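For reference, model.cif (mmCIF, C-alpha atoms):
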data_start
loop_
_atom_site.label_atom_id
_atom_site.label_comp_id
_atom_site.auth_asym_id
_atom_site.auth_seq_id
_atom_site.Cartn_x
_atom_site.Cartn_y
_atom_site.Cartn_z
CA MET A 132 -57.30 -61.75 -96.57
CA VAL A 133 -59.88 -59.97 -94.39
CA PHE A 134 -61.85 -57.26 -96.15
CA VAL A 135 -62.20 -54.05 -94.10
CA PRO A 136 -64.89 -51.61 -95.18
CA GLU A 137 -63.71 -48.18 -96.33
CA THR A 138 -65.87 -46.47 -93.68
CA VAL A 139 -64.07 -48.38 -90.90
CA LEU A 140 -60.66 -47.47 -92.31
CA LYS A 141 -61.72 -43.84 -92.61
CA LYS A 142 -62.93 -43.85 -88.98
CA ARG A 143 -59.62 -45.36 -87.80
CA ARG A 144 -57.61 -42.74 -89.67
CA THR A 145 -59.74 -39.97 -88.16
CA GLN A 146 -59.31 -41.34 -84.63
CA GLU A 147 -55.54 -41.70 -85.13
CA ALA A 148 -55.33 -38.10 -86.38
CA ILE A 149 -57.33 -36.86 -83.37
CA ALA A 150 -55.13 -38.86 -80.96
CA ALA A 151 -51.97 -37.50 -82.59
CA ALA A 152 -53.31 -33.93 -82.40
CA LYS A 153 -54.19 -34.37 -78.71
CA GLU A 154 -50.74 -35.78 -77.97
CA THR A 155 -49.05 -32.85 -79.73
CA GLU A 156 -51.30 -30.40 -77.88
CA ALA A 157 -50.50 -32.04 -74.53
CA GLU A 158 -46.76 -31.87 -75.26
CA GLU A 159 -47.01 -28.18 -76.20
CA ALA A 160 -49.04 -27.46 -73.03
CA THR A 161 -46.38 -29.23 -70.90
CA VAL A 162 -43.59 -27.19 -72.51
CA LYS A 163 -45.53 -23.92 -72.04
CA ALA A 164 -46.30 -24.77 -68.39
CA ALA A 165 -42.63 -25.50 -67.71
CA GLU A 166 -41.60 -22.21 -69.36
CA LYS A 167 -44.18 -20.28 -67.33
CA THR A 168 -43.07 -21.94 -64.07
CA GLU A 169 -39.45 -21.01 -64.81
CA LYS A 170 -40.52 -17.43 -65.61
CA ILE A 171 -42.46 -17.18 -62.33
CA PHE A 172 -39.48 -18.50 -60.31
CA LYS A 173 -37.14 -15.99 -61.96
CA ARG A 174 -39.54 -13.14 -61.16
CA ALA A 175 -39.83 -14.28 -57.53
CA GLU A 176 -36.01 -14.36 -57.23
CA LYS A 177 -35.79 -10.88 -58.78
CA TYR A 178 -38.37 -9.50 -56.32
CA MET A 179 -36.61 -11.05 -53.32
CA ALA A 180 -33.31 -9.49 -54.44
CA GLU A 181 -35.10 -6.14 -54.81
CA TYR A 182 -36.63 -6.35 -51.30
CA LYS A 183 -33.27 -7.31 -49.73
CA GLN A 184 -31.48 -4.47 -51.53
CA LYS A 185 -34.07 -1.99 -50.27
CA GLU A 186 -33.59 -3.27 -46.71
CA ARG A 187 -29.78 -3.01 -47.00
CA ASP A 188 -30.07 0.53 -48.39
CA GLU A 189 -32.20 1.63 -45.43
CA ILE A 190 -29.73 0.12 -42.94
CA ARG A 191 -26.82 1.84 -44.73
CA MET A 192 -28.57 5.24 -44.74
CA ARG A 193 -29.40 4.93 -41.02
CA ARG A 194 -25.75 4.15 -40.23
CA GLU A 195 -24.52 7.04 -42.40
CA ALA A 196 -26.94 9.42 -40.68
CA LYS A 197 -25.83 8.20 -37.26
CA ALA A 198 -22.15 8.58 -38.19
CA ALA A 199 -22.85 12.14 -39.35
CA LYS A 200 -24.71 12.79 -36.05
CA SER A 201 -27.88 13.36 -38.04
CA ILE A 202 -31.30 11.69 -38.21
CA TYR A 203 -32.42 9.40 -41.01
CA VAL A 204 -35.92 10.30 -42.19
CA PRO A 205 -37.48 7.45 -44.19
CA PRO A 206 -39.51 8.33 -47.30
CA GLU A 207 -43.24 8.91 -46.83
CA ALA A 208 -45.33 5.75 -46.93
CA LYS A 209 -47.20 5.11 -50.18
CA LEU A 210 -49.29 2.15 -49.00
CA ALA A 211 -51.79 1.76 -46.16
CA PHE A 212 -53.81 -1.20 -44.95
CA VAL A 213 -57.18 -0.11 -43.58
CA ILE A 214 -59.43 -2.20 -41.31
CA ARG A 215 -62.99 -1.30 -40.33
CA ILE A 216 -63.37 -1.75 -36.57
CA ARG A 217 -66.85 -0.28 -35.90
CA GLY A 218 -70.34 -0.97 -37.21
CA ILE A 219 -72.97 1.31 -38.75
CA ILE A 220 -74.74 2.59 -35.62
CA GLY A 221 -74.60 6.38 -35.52
CA VAL A 222 -72.71 6.66 -38.82
CA SER A 223 -73.45 9.86 -40.76
CA PRO A 224 -74.33 9.57 -44.48
CA LYS A 225 -71.02 11.20 -45.47
CA VAL A 226 -68.95 8.77 -43.40
CA ARG A 227 -70.99 5.85 -44.70
CA LYS A 228 -70.34 6.97 -48.28
CA VAL A 229 -66.58 7.23 -47.69
CA LEU A 230 -66.54 3.74 -46.14
CA GLN A 231 -68.34 2.45 -49.23
CA LEU A 232 -65.82 4.16 -51.51
CA LEU A 233 -63.04 2.47 -49.54
CA ARG A 234 -64.94 -0.84 -49.97
CA LEU A 235 -65.23 -1.23 -46.19
CA ARG A 236 -68.88 -2.30 -46.13
CA GLN A 237 -68.62 -4.80 -43.26
CA LEU A 238 -67.04 -4.99 -39.83
CA HIS A 239 -63.45 -6.32 -39.90
CA ASN A 240 -63.11 -5.80 -43.65
CA GLY A 241 -59.61 -4.78 -44.72
CA VAL A 242 -58.29 -3.16 -47.92
CA PHE A 243 -55.04 -1.83 -49.34
CA VAL A 244 -55.12 1.90 -50.12
CA LYS A 245 -52.67 4.01 -52.13
CA LEU A 246 -51.83 7.09 -50.09
CA ASN A 247 -52.26 10.47 -51.75
CA ALA A 248 -53.87 13.77 -50.75
CA ALA A 249 -57.39 12.56 -51.60
CA THR A 250 -57.20 9.19 -49.81
CA ILE A 251 -55.49 10.69 -46.74
CA ASN A 252 -58.39 13.16 -46.38
CA MET A 253 -60.88 10.29 -46.74
CA LEU A 254 -59.09 8.27 -44.06
CA ARG A 255 -59.07 11.23 -41.67
CA LEU A 256 -62.79 11.69 -42.18
CA VAL A 257 -63.58 8.09 -41.17
CA GLU A 258 -60.74 7.72 -38.63
CA PRO A 259 -63.04 6.91 -35.64
CA TYR A 260 -64.35 3.85 -37.53
CA ILE A 261 -61.08 2.40 -38.84
CA ALA A 262 -57.62 1.27 -37.80
CA TYR A 263 -54.90 1.74 -40.38
CA GLY A 264 -51.16 1.86 -40.86
CA TYR A 265 -48.27 1.04 -43.14
CA PRO A 266 -47.94 -2.72 -43.71
CA ASN A 267 -44.56 -4.43 -44.12
CA LEU A 268 -43.81 -7.06 -46.76
CA LYS A 269 -44.59 -9.97 -44.42
CA SER A 270 -48.05 -8.54 -43.64
CA VAL A 271 -48.88 -8.05 -47.34
CA ARG A 272 -47.70 -11.58 -48.16
CA ASP A 273 -49.60 -13.16 -45.22
CA LEU A 274 -52.81 -11.35 -46.14
CA VAL A 275 -52.70 -12.42 -49.80
CA TYR A 276 -51.67 -16.02 -49.12
CA LYS A 277 -53.87 -16.66 -46.07
CA ARG A 278 -56.97 -14.53 -46.71
CA GLY A 279 -56.70 -13.59 -50.39
CA TYR A 280 -59.76 -13.86 -52.62
CA GLY A 281 -60.03 -12.46 -56.13
CA LYS A 282 -62.92 -10.80 -57.92
CA VAL A 283 -63.66 -12.75 -61.11
CA GLU A 284 -66.81 -11.68 -62.97
CA LYS A 285 -68.15 -10.16 -59.73
CA GLN A 286 -67.68 -13.48 -57.92
CA ARG A 287 -65.48 -14.04 -54.82
CA ILE A 288 -62.99 -16.70 -55.89
CA PRO A 289 -60.16 -18.08 -53.68
CA ILE A 290 -56.68 -17.41 -55.07
CA ASP A 291 -55.54 -21.04 -55.13
CA ASN A 292 -53.63 -20.94 -58.44
CA ASN A 293 -51.88 -18.43 -60.68
CA ALA A 294 -54.30 -18.98 -63.59
CA ILE A 295 -56.98 -16.93 -61.78
CA ILE A 296 -54.63 -13.96 -61.48
CA GLU A 297 -53.41 -14.24 -65.07
CA GLU A 298 -56.97 -14.41 -66.38
CA VAL A 299 -57.88 -11.04 -64.84
CA LEU A 300 -54.55 -9.19 -64.61
CA GLY A 301 -52.52 -10.81 -67.41
CA ALA A 302 -52.99 -7.69 -69.55
CA TYR A 303 -50.95 -5.76 -66.94
CA ASP A 304 -48.16 -8.40 -66.87
CA ILE A 305 -49.33 -9.67 -63.47
CA ILE A 306 -49.41 -13.45 -63.90
CA CYS A 307 -48.75 -14.94 -60.45
CA VAL A 308 -49.21 -14.33 -56.72
CA GLU A 309 -45.69 -12.90 -56.33
CA ASP A 310 -46.42 -10.39 -59.13
CA LEU A 311 -49.59 -9.37 -57.29
CA ILE A 312 -47.76 -8.97 -53.95
CA HIS A 313 -44.99 -6.95 -55.62
CA GLU A 314 -47.47 -4.63 -57.35
CA ILE A 315 -49.33 -4.01 -54.07
CA TYR A 316 -46.27 -3.63 -51.81
CA THR A 317 -44.36 -1.32 -54.17
CA VAL A 318 -47.55 0.56 -55.22
CA GLY A 319 -46.70 -0.10 -58.86
CA PRO A 320 -48.24 1.50 -61.97
CA HIS A 321 -51.12 -0.98 -61.98
CA PHE A 322 -51.82 -0.83 -58.24
CA THR A 323 -55.45 0.21 -58.76
CA GLN A 324 -56.22 -2.83 -60.94
CA ALA A 325 -54.37 -5.17 -58.55
CA ALA A 326 -56.08 -3.77 -55.44
CA ASN A 327 -59.53 -3.88 -57.09
CA PHE A 328 -58.93 -7.49 -58.12
CA LEU A 329 -58.49 -8.40 -54.45
CA TRP A 330 -61.83 -8.85 -52.70
CA PRO A 331 -61.90 -6.91 -49.38
CA PHE A 332 -60.20 -9.13 -46.80
CA LYS A 333 -62.59 -10.70 -44.29
CA LEU A 334 -60.62 -10.74 -41.05
CA SER A 335 -61.44 -12.31 -37.69
CA SER A 336 -61.88 -10.49 -34.39
CA PRO A 337 -58.40 -9.86 -32.98
CA THR A 338 -57.03 -12.38 -30.48
CA GLY A 339 -57.79 -10.94 -27.06
CA GLY A 340 -60.27 -8.44 -28.50
CA PHE A 341 -59.95 -4.69 -28.98
CA LYS A 342 -58.89 -2.46 -26.11
CA GLN A 343 -61.15 0.55 -26.68
CA LYS A 344 -62.61 1.14 -30.13
CA LEU A 345 -64.00 4.57 -29.24
CA LEU A 346 -60.57 6.00 -28.40
CA HIS A 347 -57.77 6.93 -30.80
CA TYR A 348 -54.67 4.74 -30.88
CA ASN A 349 -52.58 7.63 -29.49
CA GLU A 350 -54.92 7.74 -26.47
CA GLY A 351 -54.56 4.04 -25.75
CA GLY A 352 -57.47 2.94 -27.95
CA ASP A 353 -57.71 1.19 -31.31
CA ALA A 354 -59.03 3.73 -33.85
CA GLY A 355 -56.96 5.75 -36.28
CA LEU A 356 -53.40 5.69 -37.55
CA ARG A 357 -50.92 3.33 -35.89
CA GLY A 358 -48.07 3.59 -38.41
CA GLU A 359 -45.89 0.53 -38.90
CA ARG A 360 -47.45 -1.20 -35.86
CA ILE A 361 -50.46 -2.14 -38.00
CA HIS A 362 -48.66 -5.48 -38.57
CA GLU A 363 -49.36 -6.40 -34.92
CA LEU A 364 -53.12 -5.98 -35.43
CA ILE A 365 -53.04 -7.82 -38.77
CA LYS A 366 -51.28 -10.76 -37.10
CA LYS A 367 -53.98 -10.93 -34.41
CA MET A 368 -56.80 -10.84 -36.99
CA LEU A 369 -55.52 -13.39 -39.53
#
Take the structure in the file and give it back as structure tokens.
Amino acid sequence: MVFVPETVLKKRRTQEAIAAAKETEAEEATVKAAEKTEKIFKRAEKYMAEYKQKERDEIRMRREAKAAKSIYVPPEAKLAFVIRIRGIIGVSPKVRKVLQLLRLRQLHNGVFVKLNAATINMLRLVEPYIAYGYPNLKSVRDLVYKRGYGKVEKQRIPIDNNAIIEEVLGAYDIICVEDLIHEIYTVGPHFTQAANFLWPFKLSSPTGGFKQKLLHYNEGGDAGLRGERIHELIKKML
């Protein structure tokens, strides 16, 4: 019979206990990850159903208005995407301050803005230096997936997994990219936190360049409000 010192036996038991604890922990983590993945998929399905229902409702209301020989007036936009198209030369201190408040510190920066009386006045004040409009769902999704970076402890971090979003916005029940897109697109109750989490988008010069940055969009230029056609500019700058 081989004699095994008590210290060796004690060490073996400790190592076995640690290995068992790690195995249990790994199993629990796998179960939690699977549950979270299922939860995220269910949320994504729910959001898609919501977007499709909204689209169907708009089509139905247009048809009803047409049948009644009336005009369908869509609800006022709540969300704008704003792009800075001009530099700092000749910018007054007031305009510069508004651009800073909008987080448009660099050329071709883009941000989402919740539209209300205050922000609309700010946008009008800096209109010669920006292009803005009302983004559709595809534009919001493309921006977040293709150019999305988050602000984590004042650092610019690429949004390459849901853990980054959950770490910062989990307290607001925003745990994945689809939650973030939904909160932005629908201008939800935690829009401010979601928009501030997103680092200002760094866009490229538009394919084919700008037409005339000094003229308003209504005059054939690029500056100012362009309504729902902002998606065309976003597509060129992604």
Q | Residue neighbourhood A:Gly358, 7 Å, all atoms listed in the file, exclusion window fewer than 2 positions, as a ChimeraX atom specification | A | /A:264-265,356,360-361
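Atom CA of A:Leu274 to atom CA of A:Glu166 spans 28.0 Å [interatomic distance, one decimal].
For the file shown, the residue list from the PyMOL selection byres ((chain A and resi 278) around 8) reads A:Asp273, A:Leu274, A:Val275, A:Tyr276, A:Lys277, A:Gly279, A:Tyr280, A:Phe332, A:Lys333, A:Leu334, A:Leu369.
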Q) Looking at only C-alpha atoms, which of A:Leu140, A:Ile190, A:Ala175, A:Ile315 is the one that sits closest to A:Asn267? A) A:Ile315
Q. So what does the PyMOL selection byres ((chain A and resi 268) around 9) actually pick up in this one, as a list of chain:residue names?
A. A:Tyr182, A:Pro266, A:Asn267, A:Lys269, A:Ser270, A:Val271, A:Arg272, A:Asp273, A:Ile312, A:His313, A:Tyr316
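For the pair atom CA of A:Ile261 and atom CA of A:Ala354, the separation is 5.6 Å.
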Q: For A:Arg217, list every protein, DNA or RNA residue within 9 Å, evaluated using only C-alpha atoms, and leave out those in the same chain fewer than 3 positions away; present the list as a list in words.
A: Ile220, Gln237, Leu238, His239, Pro259, Tyr260, Ile261, Lys344 and Leu345 of chain A
**Q.** Test item: the PyMOL selection byres ((chain A and resi 211) around 7) resolved as JSON, numbers by chain
**A.** {"A": [209, 210, 212, 213, 243, 244, 245, 246, 263, 264, 265, 266]}
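Atom pair atom CA of A:Leu256 / atom CA of A:Glu350: separated by 18.0 Å.
Nearest residue to A:Ala208 among A:Glu154, A:Glu309, A:Glu359, A:Glu181 is A:Glu359, counting all atoms listed in the file.
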Q.
Ranking A:Pro331, A:Pro224, A:Pro337, A:Gly352 by minimum distance to A:Gly281 and counting only C-alpha atoms, which one comes first?
A. A:Pro331
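Of the listed residues (A:Tyr203, A:Ala325, A:Asp310, A:Phe341), A:Asp310 comes nearest to A:Lys173; the distances count all atoms listed in the file.
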Q: May I have the residues within 12 Å of A:Arg193 as a ChimeraX atom specification, using only C-alpha atoms and disregarding those fewer than 6 positions away in the same chain?
A: /A:186-187,199-205
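Residue nearest A:Ile288 within the list A:Ile305, A:Arg255, A:Ala262, A:Leu329: A:Leu329 [criterion: smallest interatomic distance, all atoms listed in the file].
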As AutoDock Vina command-line options: centre and edge lengths in Å, one decimal, of the axis-aligned box holding stretch 337-352 of chain A with 8 Å per side:
--center_x -58.3 --center_y -2.3 --center_z -29.4 --size_x 27.4 --size_y 36.1 --size_z 23.2
